[in-house]
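Have a look at the structure below, then the notes.
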Amino acid sequence: MKSIFSPFDIIWIKNVTDSSEGQTYMNCPAGSFVLHFPDRHKYNCASPKAGEVILIYQKINHQNVFTHLVTPIDNNMVADEVKTYFKYGRHVQIIAFTPIPDLIHVSSTLWKNVNFQGISQGNACRIRNISKIKNVDHLLHDIWNRFTPFLCNNELTIENDVLVEVL
């Protein structure tokens with residue numbers, strides 16, 4: 001895969017939760033999807049820009065795991081009026097995805113000592129703004145290396161602040 005991304009493009013971290021399914025966005029292992037935000041974070045939804053990578057973590061089978069690296073396709077927020085609580089979102093392209101048998105357990109990474117409570121609560125949180133994290137560069141390299149086997153085979157580029165797939 002030719003990639004324009006590096007560990008230092010991981011700018012954001014976001015928790016996703018689906019209490020009814022127990023896992024979120026695990027049924028779309030390739031391509032793109034709408035990454036939803038709680039209504040109370042409507043305006044934070046627009047914070048990550050095209051080309052900035054969002055690290056997604058969630059709880060699956062009672063374990064905190066990293067599941068996706070994604071990037072917004074464009075800088076537009078979308079609204080889904082049918083939804084009652086997670087109306088707002090962004091179209092994101094999957095950069096890397098871990099299938100259920102290969103989940104990256106937070107406890108097996110350098111991130112194991114990071115307190116995730118209250119960091120994002122469905123909000124996209126800028127990793128470098130998390131006050132108790134030391135040596136962010138090591139954390140970014142660690143998670144990038146763990147996702148490397150799961151990078152998607154997309155060839156991506158940014159044109160005029162919009163992510164496009166090169167065919």
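Ordering of the structure tokens sets the chain letters (A, B, ...), residue numbers begin anew at 1 in every chain, and ligands are numbered from 1 in the order given.
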Legend entry - Residue list (strand (DSSP E), DSSP) for chain A, as a ChimeraX atom specification: /A:10-15,32-37,53-60,63-72,78-79,88-97,104-105,124-126,156-159,162-165
Inset, instruction - List every residue of range 20-158 of chain A that DSSP, applied to the backbone of this structure, places in helix (DSSP H, G or I), and write the result as a PyMOL selection string. - result: chain A and resi 39-41+44-46+100-102+106-108+110-113+127-129+136-150
Inset, instruction - Just give me the gap between CA of Ile4 in chain A and CA of Asn113 in chain A in Å, one decimal is fine. - result: 29.4 Å
Inset, instruction - Take CA of Met26 in chain A and CA of Lys112 in chain A and report the distance between them in Å, one decimal. - result: 22.2 Å
With range 136-147 of chain A as the partner and 9 Å as the cut-off, tabulate the residues of range 20-83 of chain A that qualify, each row holding the nearest pair of atoms and their distance in Å to one decimal, using only C-alpha atoms, sorted by chain and rising number, as JSON lines.
{"residue": "A:Leu55", "atom": "CA", "partner": "A:Ile143", "partner_atom": "CA", "distance": 8.9}
{"residue": "A:Phe66", "atom": "CA", "partner": "A:Ile143", "partner_atom": "CA", "distance": 8.7}
{"residue": "A:Thr67", "atom": "CA", "partner": "A:Phe147", "partner_atom": "CA", "distance": 8.8}
{"residue": "A:His68", "atom": "CA", "partner": "A:Phe147", "partner_atom": "CA", "distance": 8.2}
{"residue": "A:Leu69", "atom": "CA", "partner": "A:Phe147", "partner_atom": "CA", "distance": 7.9}
Legend entry - Close residues, His36 in chain A itself excluded, 8 Å, only C-alpha atoms, min 5 positions apart in chain, as number ranges by chain: A: 86-90
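Each of A:Val114, A:Ala79, A:Ile13, A:Ala124 was compared to Asn44 in chain A using only C-alpha atoms, and A:Ala124 turns out to be the nearest.
Minimum atom-to-atom distance to Asn123 in chain A, evaluated using only C-alpha atoms, belongs to A:Thr17 out of A:Ser107, A:Asn27, A:Asn153, A:Thr17.
In this comparison, which uses only C-alpha atoms, the residue of A:Asn76, A:Ser32, A:Ser108, A:Thr98 approaching Gln63 in chain A most closely is A:Ser108.
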Inset, instruction - Just the residues within 8 Å of Asp9 in chain A, please, counting only C-alpha atoms, with nothing from its chain fewer than 6 positions along; format it as a list of chain:residue names. - result: A:Gly51, A:Glu52, A:Val53
Keeping N, CA and C atoms for every residue in the selection just given, could you write it to a file as a PDB file, in the first residue's frame?
ATOM      1  N   GLY A  51      -7.335  14.346   6.159  1.00  0.00           N
ATOM      2  CA  GLY A  51      -5.909  14.041   6.237  1.00  0.00           C
ATOM      3  C   GLY A  51      -5.402  13.870   7.658  1.00  0.00           C
ATOM      4  N   GLU A  52      -6.176  14.295   8.650  1.00  0.00           N
ATOM      5  CA  GLU A  52      -5.802  14.065  10.043  1.00  0.00           C
ATOM      6  C   GLU A  52      -6.400  12.728  10.462  1.00  0.00           C
ATOM      7  N   VAL A  53      -5.587  11.899  11.093  1.00  0.00           N
ATOM      8  CA  VAL A  53      -6.015  10.551  11.434  1.00  0.00           C
ATOM      9  C   VAL A  53      -6.637  10.528  12.823  1.00  0.00           C
TER      10      VAL A  53
END
Inset, instruction - Enter the distance from CA of Pro149 in chain A to CA of Arg126 in chain A, in Å, rounded to one decimal. - result: 24.7 Å
Legend entry - Using only C-alpha atoms: which of A:Ser6, A:Lys59, A:Leu35, A:Tyr43 has the shortest distance to Gln23 in chain A: A:Lys59
